[in-house]
$ cat coords24.json   # JSON, C-alpha atoms and all ligand atoms
[["chain", "number", "residue", "atom", "x", "y", "z"],
["A", 194, "MET", "CA", 4.02, -2.70, 62.15],
["A", 195, "THR", "CA", 7.77, -2.24, 62.07],
["A", 196, "TRP", "CA", 10.33, -2.33, 64.87],
["A", 197, "GLU", "CA", 13.95, -1.19, 65.17],
["A", 198, "THR", "CA", 15.31, -4.51, 66.42],
["A", 199, "VAL", "CA", 12.82, -7.14, 65.26],
["A", 200, "ASP", "CA", 11.70, -8.14, 61.77],
["A", 201, "LEU", "CA", 8.56, -10.08, 60.96],
["A", 202, "THR", "CA", 8.29, -11.46, 57.45],
["A", 203, "HIS", "CA", 5.84, -13.83, 55.81],
["A", 204, "ASP", "CA", 6.10, -16.58, 53.25],
["A", 205, "GLU", "CA", 2.56, -17.81, 52.69],
["A", 206, "ALA", "CA", 1.40, -19.21, 56.06],
["A", 207, "VAL", "CA", 4.87, -19.20, 57.64],
["A", 208, "ALA", "CA", 6.08, -16.13, 59.53],
["A", 209, "THR", "CA", 9.73, -15.54, 60.40],
["A", 210, "LEU", "CA", 10.55, -13.46, 63.44],
["A", 211, "THR", "CA", 14.17, -12.26, 63.34],
["A", 212, "VAL", "CA", 15.83, -10.61, 66.31],
["A", 213, "ASP", "CA", 17.73, -7.90, 64.47],
["A", 214, "ARG", "CA", 20.36, -6.30, 66.67],
["A", 215, "PRO", "CA", 23.53, -7.87, 65.29],
["A", 216, "GLU", "CA", 25.83, -5.15, 66.66],
["A", 217, "ALA", "CA", 25.03, -6.50, 70.16],
["A", 218, "LEU", "CA", 24.77, -10.12, 68.95],
["A", 219, "ASN", "CA", 20.96, -9.82, 69.08],
["A", 220, "SER", "CA", 20.94, -9.58, 72.88],
["A", 221, "LEU", "CA", 17.52, -8.97, 74.35],
["A", 222, "ASN", "CA", 17.18, -5.42, 75.67],
["A", 223, "VAL", "CA", 13.80, -4.11, 76.86],
["A", 224, "GLU", "CA", 12.94, -2.60, 73.49],
["A", 225, "THR", "CA", 13.61, -5.91, 71.73],
["A", 226, "LEU", "CA", 11.58, -7.96, 74.20],
["A", 227, "GLU", "CA", 8.64, -5.56, 73.79],
["A", 228, "ALA", "CA", 8.99, -5.69, 70.02],
["A", 229, "ILE", "CA", 8.97, -9.51, 70.07],
["A", 230, "GLU", "CA", 5.75, -9.41, 72.10],
["A", 231, "GLU", "CA", 4.13, -7.09, 69.56],
["A", 232, "ALA", "CA", 5.40, -9.12, 66.61],
["A", 233, "LEU", "CA", 3.91, -12.28, 68.12],
["A", 234, "GLU", "CA", 0.57, -10.52, 68.53],
["A", 235, "GLU", "CA", 0.71, -9.42, 64.90],
["A", 236, "ALA", "CA", 1.59, -12.93, 63.71],
["A", 237, "GLU", "CA", -1.30, -14.31, 65.75],
["A", 238, "ARG", "CA", -3.74, -11.77, 64.25],
["A", 239, "GLU", "CA", -2.58, -12.85, 60.79],
["A", 240, "SER", "CA", -3.33, -16.48, 61.65],
["A", 241, "VAL", "CA", 0.08, -17.78, 60.61],
["A", 242, "ARG", "CA", 0.30, -21.57, 60.71],
["A", 243, "ALA", "CA", 3.96, -21.85, 61.75],
["A", 244, "LEU", "CA", 6.62, -19.49, 63.06],
["A", 245, "VAL", "CA", 10.40, -19.47, 62.63],
["A", 246, "VAL", "CA", 12.40, -17.61, 65.27],
["A", 247, "THR", "CA", 15.97, -16.65, 64.43],
["A", 248, "GLY", "CA", 18.71, -14.04, 64.79],
["A", 249, "ALA", "CA", 20.14, -11.57, 62.27],
["A", 250, "GLY", "CA", 23.70, -11.87, 61.01],
["A", 251, "GLU", "CA", 26.15, -14.72, 60.76],
["A", 252, "LYS", "CA", 27.34, -14.95, 64.34],
["A", 253, "ALA", "CA", 24.50, -15.22, 66.80],
["A", 254, "PHE", "CA", 21.00, -16.47, 67.30],
["A", 255, "VAL", "CA", 20.73, -14.41, 70.50],
["A", 256, "ALA", "CA", 23.71, -13.95, 72.87],
["A", 257, "GLY", "CA", 21.46, -13.54, 75.91],
["A", 258, "ALA", "CA", 19.72, -10.90, 77.93],
["A", 259, "ASP", "CA", 21.39, -7.49, 77.61],
["A", 260, "ILE", "CA", 24.31, -7.39, 80.04],
["A", 261, "SER", "CA", 24.92, -3.67, 79.63],
["A", 262, "TYR", "CA", 21.30, -3.05, 80.66],
["A", 263, "MET", "CA", 21.40, -5.51, 83.57],
["A", 264, "ALA", "CA", 24.77, -4.46, 84.96],
["A", 265, "GLU", "CA", 23.39, -1.72, 87.26],
["A", 266, "LEU", "CA", 19.81, -2.90, 87.84],
["A", 267, "GLY", "CA", 18.26, -2.90, 91.29],
["A", 268, "SER", "CA", 16.04, -5.76, 92.48],
["A", 269, "GLN", "CA", 12.75, -4.14, 91.50],
["A", 270, "GLU", "CA", 13.92, -3.41, 87.94],
["A", 271, "ALA", "CA", 15.47, -6.88, 87.66],
["A", 272, "GLN", "CA", 12.12, -8.39, 88.71],
["A", 273, "GLU", "CA", 10.36, -6.34, 86.02],
["A", 274, "TYR", "CA", 12.94, -7.36, 83.42],
["A", 275, "ALA", "CA", 12.50, -11.04, 84.34],
["A", 276, "GLU", "CA", 8.72, -10.63, 84.13],
["A", 277, "LEU", "CA", 9.03, -9.07, 80.68],
["A", 278, "GLY", "CA", 11.30, -11.90, 79.52],
["A", 279, "HIS", "CA", 8.98, -14.54, 81.00],
["A", 280, "GLY", "CA", 6.03, -12.87, 79.25],
["A", 281, "VAL", "CA", 7.79, -13.22, 75.89],
["A", 282, "MET", "CA", 8.79, -16.85, 76.46],
["A", 283, "ASP", "CA", 5.29, -17.75, 77.69],
["A", 284, "ALA", "CA", 3.77, -16.03, 74.64],
["A", 285, "ILE", "CA", 5.92, -18.13, 72.28],
["A", 286, "GLU", "CA", 5.09, -21.29, 74.21],
["A", 287, "ALA", "CA", 1.36, -20.46, 74.04],
["A", 288, "PHE", "CA", 1.51, -19.22, 70.42],
["A", 289, "PRO", "CA", -1.37, -20.94, 68.62],
["A", 290, "ALA", "CA", 0.92, -22.50, 66.00],
["A", 291, "PRO", "CA", 4.26, -24.29, 66.27],
["A", 292, "ALA", "CA", 7.44, -22.23, 66.57],
["A", 293, "VAL", "CA", 10.77, -23.51, 65.23],
["A", 294, "ALA", "CA", 14.00, -21.93, 66.48],
["A", 295, "ALA", "CA", 16.73, -21.62, 63.83],
["A", 296, "ILE", "CA", 19.83, -21.45, 66.03],
["A", 297, "ASN", "CA", 22.23, -19.84, 63.58],
["A", 298, "GLY", "CA", 25.08, -19.18, 66.03],
["A", 299, "TYR", "CA", 25.51, -18.35, 69.72],
["A", 300, "ALA", "CA", 22.43, -19.03, 71.88],
["A", 301, "PHE", "CA", 23.41, -18.16, 75.42],
["A", 302, "GLY", "CA", 21.34, -17.33, 78.49],
["A", 303, "GLY", "CA", 18.17, -15.56, 77.37],
["A", 304, "GLY", "CA", 18.99, -16.72, 73.83],
["A", 305, "LEU", "CA", 18.85, -20.38, 74.74],
["A", 306, "GLU", "CA", 15.75, -19.61, 76.80],
["A", 307, "LEU", "CA", 14.15, -18.09, 73.70],
["A", 308, "ALA", "CA", 15.02, -21.21, 71.69],
["A", 309, "MET", "CA", 13.68, -23.48, 74.45],
["A", 310, "ALA", "CA", 10.34, -21.64, 74.48],
["A", 311, "CYS", "CA", 9.91, -22.71, 70.84],
["A", 312, "ASP", "CA", 8.35, -26.08, 69.99],
["A", 313, "LEU", "CA", 11.33, -27.35, 67.98],
["A", 314, "ARG", "CA", 14.99, -26.39, 67.57],
["A", 315, "VAL", "CA", 17.26, -26.66, 64.54],
["A", 316, "ALA", "CA", 20.91, -25.80, 65.21],
["A", 317, "GLU", "CA", 23.55, -24.83, 62.72],
["A", 318, "GLU", "CA", 26.89, -26.67, 62.69],
["A", 319, "GLY", "CA", 29.26, -24.50, 64.72],
["A", 320, "ALA", "CA", 26.54, -23.02, 66.95],
["A", 321, "LEU", "CA", 27.29, -22.88, 70.67],
["A", 322, "VAL", "CA", 24.61, -22.92, 73.36],
["A", 323, "GLY", "CA", 24.55, -22.63, 77.15],
["A", 324, "GLN", "CA", 23.26, -20.95, 80.28],
["A", 325, "PRO", "CA", 26.38, -19.00, 81.35],
["A", 326, "GLU", "CA", 24.59, -16.75, 83.88],
["A", 327, "ILE", "CA", 26.62, -18.22, 86.74],
["A", 328, "ASP", "CA", 29.72, -16.53, 85.25],
["A", 329, "LEU", "CA", 27.89, -13.22, 85.70],
["A", 330, "GLY", "CA", 26.91, -13.93, 89.30],
["A", 331, "VAL", "CA", 23.23, -14.54, 88.51],
["A", 332, "VAL", "CA", 20.84, -17.32, 87.50],
["A", 333, "PRO", "CA", 18.90, -17.87, 84.27],
["A", 334, "GLY", "CA", 16.07, -15.33, 84.39],
["A", 335, "PHE", "CA", 13.88, -16.06, 81.36],
["A", 336, "GLY", "CA", 12.72, -19.57, 82.23],
["A", 337, "GLY", "CA", 15.90, -21.62, 81.85],
["A", 338, "THR", "CA", 15.80, -23.21, 85.29],
["A", 339, "GLN", "CA", 12.47, -24.82, 84.36],
["A", 340, "ARG", "CA", 12.69, -25.49, 80.61],
["A", 341, "LEU", "CA", 16.26, -26.80, 80.49],
["A", 342, "PRO", "CA", 15.65, -29.70, 82.94],
["A", 343, "GLU", "CA", 12.45, -30.52, 81.06],
["A", 344, "LEU", "CA", 14.42, -30.89, 77.83],
["A", 345, "VAL", "CA", 17.69, -32.48, 78.95],
["A", 346, "GLY", "CA", 16.87, -33.96, 82.36],
["A", 347, "ASP", "CA", 17.79, -32.84, 85.86],
["A", 348, "GLU", "CA", 21.44, -33.96, 86.02],
["A", 349, "TYR", "CA", 22.63, -32.46, 82.75],
["A", 350, "ALA", "CA", 20.64, -29.24, 83.31],
["A", 351, "ARG", "CA", 22.32, -28.80, 86.69],
["A", 352, "ARG", "CA", 25.74, -29.35, 85.11],
["A", 353, "LEU", "CA", 25.10, -26.71, 82.46],
["A", 354, "ILE", "CA", 23.58, -24.15, 84.85],
["A", 355, "TYR", "CA", 26.06, -24.72, 87.71],
["A", 356, "THR", "CA", 29.17, -24.64, 85.49],
["A", 357, "GLY", "CA", 28.03, -22.26, 82.75],
["A", 358, "GLU", "CA", 29.57, -24.64, 80.20],
["A", 359, "ARG", "CA", 28.94, -23.74, 76.55],
["A", 360, "ILE", "CA", 28.30, -26.80, 74.39],
["A", 361, "ASP", "CA", 28.41, -27.28, 70.64],
["A", 362, "ALA", "CA", 25.43, -28.15, 68.46],
["A", 363, "GLU", "CA", 26.34, -31.86, 68.27],
["A", 364, "THR", "CA", 26.54, -32.18, 72.06],
["A", 365, "ALA", "CA", 23.25, -30.29, 72.39],
["A", 366, "HIS", "CA", 21.74, -32.78, 69.93],
["A", 367, "GLU", "CA", 23.06, -35.79, 71.87],
["A", 368, "HIS", "CA", 21.29, -34.46, 74.97],
["A", 369, "GLY", "CA", 17.99, -33.73, 73.24],
["A", 370, "LEU", "CA", 18.35, -29.97, 73.49],
["A", 371, "VAL", "CA", 18.09, -29.54, 69.71],
["A", 372, "GLY", "CA", 16.31, -31.80, 67.25],
["A", 373, "GLU", "CA", 18.76, -31.54, 64.33],
["A", 374, "VAL", "CA", 22.12, -30.12, 63.40],
["A", 375, "VAL", "CA", 22.31, -28.78, 59.86],
["A", 376, "GLU", "CA", 24.50, -26.69, 57.59],
["A", 377, "ASP", "CA", 21.95, -23.89, 57.22],
["A", 378, "ALA", "CA", 19.60, -23.54, 60.18],
["A", 379, "LYS", "CA", 17.41, -20.81, 58.71],
["A", 380, "SER", "CA", 16.62, -22.64, 55.49],
["A", 381, "ARG", "CA", 16.01, -25.97, 57.26],
["A", 382, "ALA", "CA", 13.80, -24.32, 59.89],
["A", 383, "SER", "CA", 11.79, -22.62, 57.12],
["A", 384, "GLU", "CA", 11.39, -25.93, 55.32],
["A", 385, "LEU", "CA", 10.26, -27.64, 58.53],
["A", 386, "ALA", "CA", 7.88, -24.78, 59.35],
["A", 387, "GLY", "CA", 6.46, -25.08, 55.83],
["A", 388, "GLU", "CA", 5.75, -28.77, 56.45],
["A", 389, "LEU", "CA", 4.06, -27.95, 59.76],
["A", 390, "ALA", "CA", 2.00, -25.19, 58.14],
["A", 391, "SER", "CA", 0.46, -27.77, 55.80],
["A", 392, "GLN", "CA", -0.70, -29.99, 58.67],
["A", 393, "PRO", "CA", -4.30, -29.79, 59.92],
["A", 394, "ALA", "CA", -4.06, -26.60, 61.98],
["A", 395, "PHE", "CA", -6.61, -27.37, 64.69],
["A", 396, "ALA", "CA", -5.23, -30.83, 65.36],
["A", 397, "LEU", "CA", -1.70, -29.46, 65.50],
["A", 398, "ARG", "CA", -2.76, -26.72, 67.90],
["A", 399, "ALA", "CA", -4.55, -29.25, 70.10],
["A", 400, "ALA", "CA", -1.44, -31.45, 70.14],
["A", 401, "LYS", "CA", 0.68, -28.44, 71.09],
["A", 402, "GLU", "CA", -1.63, -27.48, 73.94],
["A", 403, "ALA", "CA", -1.77, -31.03, 75.22],
["A", 404, "ILE", "CA", 2.02, -31.44, 75.14],
["A", 405, "ASN", "CA", 2.46, -28.04, 76.84],
["A", 406, "ARG", "CA", 0.48, -29.43, 79.75],
["A", 407, "SER", "CA", 3.02, -32.20, 80.25],
["A", 408, "ALA", "CA", 5.44, -29.79, 81.95],
["A", 409, "GLY", "CA", 6.01, -31.64, 85.19],
["A", 410, "GLY", "CA", 5.83, -30.54, 88.79],
["A", 411, "ASP", "CA", 4.99, -27.05, 89.91],
["A", 412, "ARG", "CA", 6.11, -25.21, 86.78],
["A", 413, "GLU", "CA", 4.27, -21.98, 87.73],
["A", 414, "GLY", "CA", 5.84, -21.97, 91.17],
["A", 415, "GLY", "CA", 9.26, -22.72, 89.68],
["A", 416, "LEU", "CA", 9.00, -19.84, 87.23],
["A", 417, "ALA", "CA", 7.86, -17.43, 89.95],
["A", 418, "PHE", "CA", 10.76, -18.52, 92.17],
["A", 419, "GLU", "CA", 13.20, -18.01, 89.30],
["A", 420, "ARG", "CA", 12.00, -14.41, 88.78],
["A", 421, "ARG", "CA", 12.44, -13.68, 92.50],
["A", 422, "ALA", "CA", 15.89, -15.28, 92.58],
["A", 423, "PHE", "CA", 17.00, -13.31, 89.52],
["A", 424, "ALA", "CA", 15.71, -10.09, 91.09],
["A", 425, "GLY", "CA", 17.21, -10.91, 94.49],
["A", 426, "LEU", "CA", 20.69, -11.30, 92.97],
["A", 427, "ALA", "CA", 20.59, -7.85, 91.37],
["A", 428, "GLY", "CA", 22.88, -5.57, 93.33],
["A", 429, "SER", "CA", 24.83, -8.43, 94.94],
["A", 430, "HIS", "CA", 28.62, -8.19, 94.86],
["A", 431, "ASP", "CA", 28.92, -11.12, 92.46],
["A", 432, "GLN", "CA", 26.30, -9.79, 90.04],
["A", 433, "ARG", "CA", 27.92, -6.34, 89.87],
["A", 434, "GLU", "CA", 31.40, -7.86, 89.56],
["A", 435, "GLY", "CA", 30.40, -10.57, 87.03],
["A", 436, "MET", "CA", 28.72, -8.14, 84.65],
["A", 437, "ALA", "CA", 31.33, -5.39, 85.07],
["A", 438, "ALA", "CA", 34.03, -7.96, 84.27],
["A", 439, "PHE", "CA", 32.21, -8.96, 81.07],
["A", 440, "LEU", "CA", 31.80, -5.35, 79.99],
["A", 441, "GLU", "CA", 35.44, -4.55, 80.84],
["A", 442, "ASP", "CA", 36.65, -7.74, 79.15],
["A", 443, "ARG", "CA", 38.43, -9.20, 82.20],
["A", 444, "GLU", "CA", 38.07, -12.19, 84.54],
["A", 445, "PRO", "CA", 35.60, -11.66, 87.42],
["A", 446, "GLU", "CA", 36.67, -11.89, 91.06],
["A", 447, "PHE", "CA", 33.75, -13.41, 92.94],
["A", 448, "GLU", "CA", 33.26, -13.29, 96.72],
["B", 501, "LIG", "N1", 24.47, -8.34, 76.26],
["B", 501, "LIG", "C1", 24.92, -7.15, 75.81],
["B", 501, "LIG", "N2", 25.85, -7.04, 74.86],
["B", 501, "LIG", "C2", 26.37, -8.18, 74.36],
["B", 501, "LIG", "C3", 25.96, -9.44, 74.81],
["B", 501, "LIG", "C4", 24.94, -9.50, 75.79],
["B", 501, "LIG", "N3", 24.45, -10.66, 76.25],
["B", 501, "LIG", "N4", 26.65, -10.39, 74.14],
["B", 501, "LIG", "C5", 27.47, -9.73, 73.31],
["B", 501, "LIG", "N5", 27.30, -8.40, 73.44],
["B", 501, "LIG", "C6", 27.98, -7.31, 72.72],
["B", 501, "LIG", "C7", 29.40, -7.18, 73.20],
["B", 501, "LIG", "O1", 29.48, -6.38, 74.38],
["B", 501, "LIG", "C8", 30.04, -6.49, 72.01],
["B", 501, "LIG", "O2", 29.69, -5.13, 72.01],
["B", 501, "LIG", "P1", 30.78, -4.00, 71.60],
["B", 501, "LIG", "O3", 31.12, -4.33, 70.18],
["B", 501, "LIG", "O4", 30.02, -2.74, 71.77],
["B", 501, "LIG", "O5", 31.93, -4.20, 72.54],
["B", 501, "LIG", "C9", 29.29, -7.12, 70.82],
["B", 501, "LIG", "O6", 28.08, -7.66, 71.35],
["B", 501, "LIG", "C10", 30.07, -8.27, 70.19],
["B", 501, "LIG", "O7", 30.39, -9.19, 71.22],
["B", 501, "LIG", "P2", 31.90, -9.71, 71.51],
["B", 501, "LIG", "O8", 32.88, -8.66, 71.10],
["B", 501, "LIG", "O9", 31.94, -10.19, 72.92],
["B", 501, "LIG", "O10", 31.96, -10.90, 70.46],
["B", 501, "LIG", "P3", 32.85, -12.22, 70.57],
["B", 501, "LIG", "O11", 32.72, -12.90, 69.26],
["B", 501, "LIG", "O12", 34.22, -11.90, 71.08],
["B", 501, "LIG", "O13", 32.15, -13.12, 71.71],
["B", 501, "LIG", "C11", 30.29, -14.14, 72.81],
["B", 501, "LIG", "C12", 30.85, -13.58, 71.49],
["B", 501, "LIG", "C13", 31.09, -15.37, 73.22],
["B", 501, "LIG", "C14", 28.83, -14.52, 72.54],
["B", 501, "LIG", "C15", 30.39, -13.05, 73.90],
["B", 501, "LIG", "O14", 29.86, -11.85, 73.39],
["B", 501, "LIG", "C16", 29.64, -13.40, 75.16],
["B", 501, "LIG", "O15", 30.11, -14.19, 75.96],
["B", 501, "LIG", "N6", 28.45, -12.76, 75.38],
["B", 501, "LIG", "C17", 27.70, -12.90, 76.59],
["B", 501, "LIG", "C18", 27.00, -14.23, 76.65],
["B", 501, "LIG", "C19", 26.25, -14.34, 77.97],
["B", 501, "LIG", "O16", 26.84, -14.34, 79.02],
["B", 501, "LIG", "N7", 24.91, -14.44, 77.86],
["B", 501, "LIG", "C20", 24.06, -14.55, 79.01],
["B", 501, "LIG", "C21", 23.58, -13.19, 79.45],
["B", 501, "LIG", "S1", 22.78, -13.24, 81.01],
["B", 501, "LIG", "C22", 21.18, -13.71, 80.69],
["B", 501, "LIG", "O17", 20.82, -14.01, 79.57],
["B", 501, "LIG", "C23", 20.29, -13.70, 81.90],
["B", 501, "LIG", "C24", 18.91, -14.23, 81.67],
["B", 501, "LIG", "O18", 18.69, -15.43, 81.51],
["B", 501, "LIG", "C25", 17.80, -13.31, 81.74]]

$ encode --input "coords24.json" --output "structure tokens"
Amino acid sequence: MTWETVDLTHDEAVATLTVDRPEALNSLNVETLEAIEEALEEAERESVRALVVTGAGEKAFVAGADISYMAELGSQEAQEYAELGHGVMDAIEAFPAPAVAAINGYAFGGGLELAMACDLRVAEEGALVGQPEIDLGVVPGFGGTQRLPELVGDEYARRLIYTGERIDAETAHEHGLVGEVVEDAKSRASELAGELASQPAFALRAAKEAINRSAGGDREGGLAFERRAFAGLAGSHDQREGMAAFLEDREPEFE
């Protein structure tokens, strides 16, 4: 199959899924999320043994969920959008082979959430990552409130989510958010995926499933709460103002 905004290519047993919407810094609109879901299903049918997830172009991995789409959403639509995003992240997490994110530039909001749903993360020197949703008057809506604390710990996750701070690849590495910082994320991620593809597939899959179960606390409940919170903020003064300010390229004035 082919999609407008997603590419799926193969090199022996390694598939590379590229979010291909560089004119909007690969931000995740509905069409792109649906295409990622279909591409994952195709990769699964083809029994790939490792997956690389990356973004097209030089600038961004994925700059987040699509702000121009979200700007005027009501609660019901925001809930559906969060459910779609969660479905994609859950599908990557449950993908029956390891996924390696090649963070080749900005990974903000839904972009960092996409990277965190992968098993491993390789970041390019110069990449910036963060959960800046607070600046838009909302909360992470594609799993960030649950996966970020799991990766970096409660304190640092709160700092990033409460302040919206964007951090560089080295800082992300110091906090365990990415596994390595390299000159060329795509080629290193492909090399790593190639190594993983040569491992015993059933053992690797069993290890992945076992580690996935280590997610602490009430992860399901946390994810469900996050979807409701994201939906509940749609239509609030601060959400409308935060997203309008981004689209109009000005500072927001929050309540
Ligand atoms: N959604 C929609 N469009 C986006 C976008 C996004 N998340 N990020 C960038 N774009 C668009 C811009 O609007 C711009 O489009 P036009 O050329 O049509 O104006 C184009 O991509 C290029 O972006 P910039 O001109 O802004 O590029 P820049 O180099 O000056 O800045 C950036 C790059 C710092 C990444 C900046 O684009 C930015 O801050 N983007 C938003 C990041 C963000 O807030 N992400 C979180 C979204 S909320 C979310 O993801 C919620 C969730 O968890 C579900």

$ axis_aligned_box --input "coords24.json" --around "region 433-446 of chain A" --padding-each-side "4 Å" --output "AutoDock Vina command-line options"
--center_x 33.2 --center_y -8.4 --center_z 85.1 --size_x 18.5 --size_y 15.6 --size_z 19.9

$ closest_atom_pairs --input "coords24.json" --of "region 295-365 of chain A" --to "region 371-387 of chain A" --cutoff "6 Å" --atoms "all atoms listed in the file" --output "tab-separated table"
residue	atom	partner	partner_atom	distance
A:Ala295	CA	A:Ala378	CA	5.0
A:Asn297	CA	A:Ala378	CA	5.7
A:Arg314	CA	A:Val371	CA	4.9
A:Val315	CA	A:Glu373	CA	5.1
A:Ala316	CA	A:Val374	CA	4.8
A:Glu317	CA	A:Ala378	CA	4.9
A:Glu318	CA	A:Glu376	CA	5.6
A:Ala365	CA	A:Val371	CA	5.9

$ residues_near_ligand --input "coords24.json" --ligand "ligand LIG 501 (chain B)" --cutoff "6 Å" --atoms "all atoms listed in the file" --output "count of residues only"
19

$ residues_around --input "coords24.json" --residues "Ser407 (chain A)" --least-positions-apart "5" --cutoff "12 Å" --atoms "all atoms listed in the file" --output "PyMOL selection string"
chain A and resi 340+343-344+400-402+412

$ residues_around --input "coords24.json" --residues "Arg433 (chain A)" --least-positions-apart "4" --cutoff "7 Å" --atoms "all atoms listed in the file" --output "list in words"
Ala264, Glu265, Gly428, Ser429 and Ala437 of chain A

$ closest_residue --input "coords24.json" --among "A:Asp431, A:Glu358, A:Glu239, A:Glu286" --to "Leu307 (chain A)" --atoms "only C-alpha atoms"
A:Glu286

$ residues_around --input "coords24.json" --residues "Val331 (chain A)" --least-positions-apart "2" --cutoff "8 Å" --atoms "all atoms listed in the file" --output "ChimeraX atom specification"
/A:326-329,333,423,426-427,431-432

$ residues_around --input "coords24.json" --residues "Ala390 (chain A)" --least-positions-apart "5" --cutoff "12 Å" --atoms "all atoms listed in the file" --output "list in words"
Asp204, Glu205, Ala206, Val207, Ala208, Ser240, Val241, Arg242, Ala243, Leu244, Val245, Pro289, Ala290, Pro291, Ala292, Val293, Ala382, Ser383, Glu384, Leu385, Phe395, Ala396, Leu397 and Arg398 of chain A

$ closest_residue --input "coords24.json" --among "A:Ala228, A:Ala403, A:Ala422, A:Ala300" --to "Thr198 (chain A)" --atoms "all atoms listed in the file"
A:Ala228

$ decode --input "coords24.json" --residues "region 249-260 of chain A" --atoms "N, CA, C and O atoms" --output "compact mmCIF listing (two decimals), in the first residue's frame"
# COMPACT_ATOMS: atom_id res chain seq x y z
N ALA A 249 10.62 12.65 7.73
CA ALA A 249 11.21 13.08 6.46
C ALA A 249 11.82 14.47 6.61
O ALA A 249 11.35 15.28 7.41
N GLY A 250 12.86 14.72 5.84
CA GLY A 250 13.47 16.05 5.81
C GLY A 250 14.57 16.20 6.84
O GLY A 250 14.87 15.28 7.60
N GLU A 251 15.16 17.38 6.84
CA GLU A 251 16.34 17.62 7.67
C GLU A 251 15.99 18.18 9.05
O GLU A 251 16.80 18.16 9.95
N LYS A 252 14.76 18.72 9.18
CA LYS A 252 14.49 19.55 10.35
C LYS A 252 13.83 18.83 11.52
O LYS A 252 14.15 19.09 12.67
N ALA A 253 12.89 17.95 11.19
CA ALA A 253 12.04 17.41 12.26
C ALA A 253 11.92 15.89 12.19
O ALA A 253 11.86 15.31 11.10
N PHE A 254 11.87 15.30 13.36
CA PHE A 254 11.35 13.93 13.49
C PHE A 254 9.84 14.09 13.32
O PHE A 254 9.30 13.83 12.24
N VAL A 255 9.17 14.61 14.33
CA VAL A 255 7.74 14.94 14.26
C VAL A 255 7.54 16.10 15.23
O VAL A 255 7.84 15.98 16.42
N ALA A 256 7.00 17.24 14.73
CA ALA A 256 6.86 18.43 15.59
C ALA A 256 5.59 18.40 16.43
O ALA A 256 5.21 19.42 17.00
N GLY A 257 4.91 17.24 16.50
CA GLY A 257 3.78 17.14 17.42
C GLY A 257 2.49 16.75 16.73
O GLY A 257 2.47 16.44 15.54
N ALA A 258 1.43 16.74 17.51
CA ALA A 258 0.09 16.61 16.94
C ALA A 258 -0.15 17.87 16.11
O ALA A 258 0.57 18.86 16.24
N ASP A 259 -1.15 17.83 15.24
CA ASP A 259 -1.37 18.92 14.28
C ASP A 259 -2.16 20.06 14.93
O ASP A 259 -3.37 19.93 15.17
N ILE A 260 -1.45 21.16 15.20
CA ILE A 260 -2.08 22.28 15.92
C ILE A 260 -3.18 22.93 15.08
O ILE A 260 -4.22 23.32 15.63
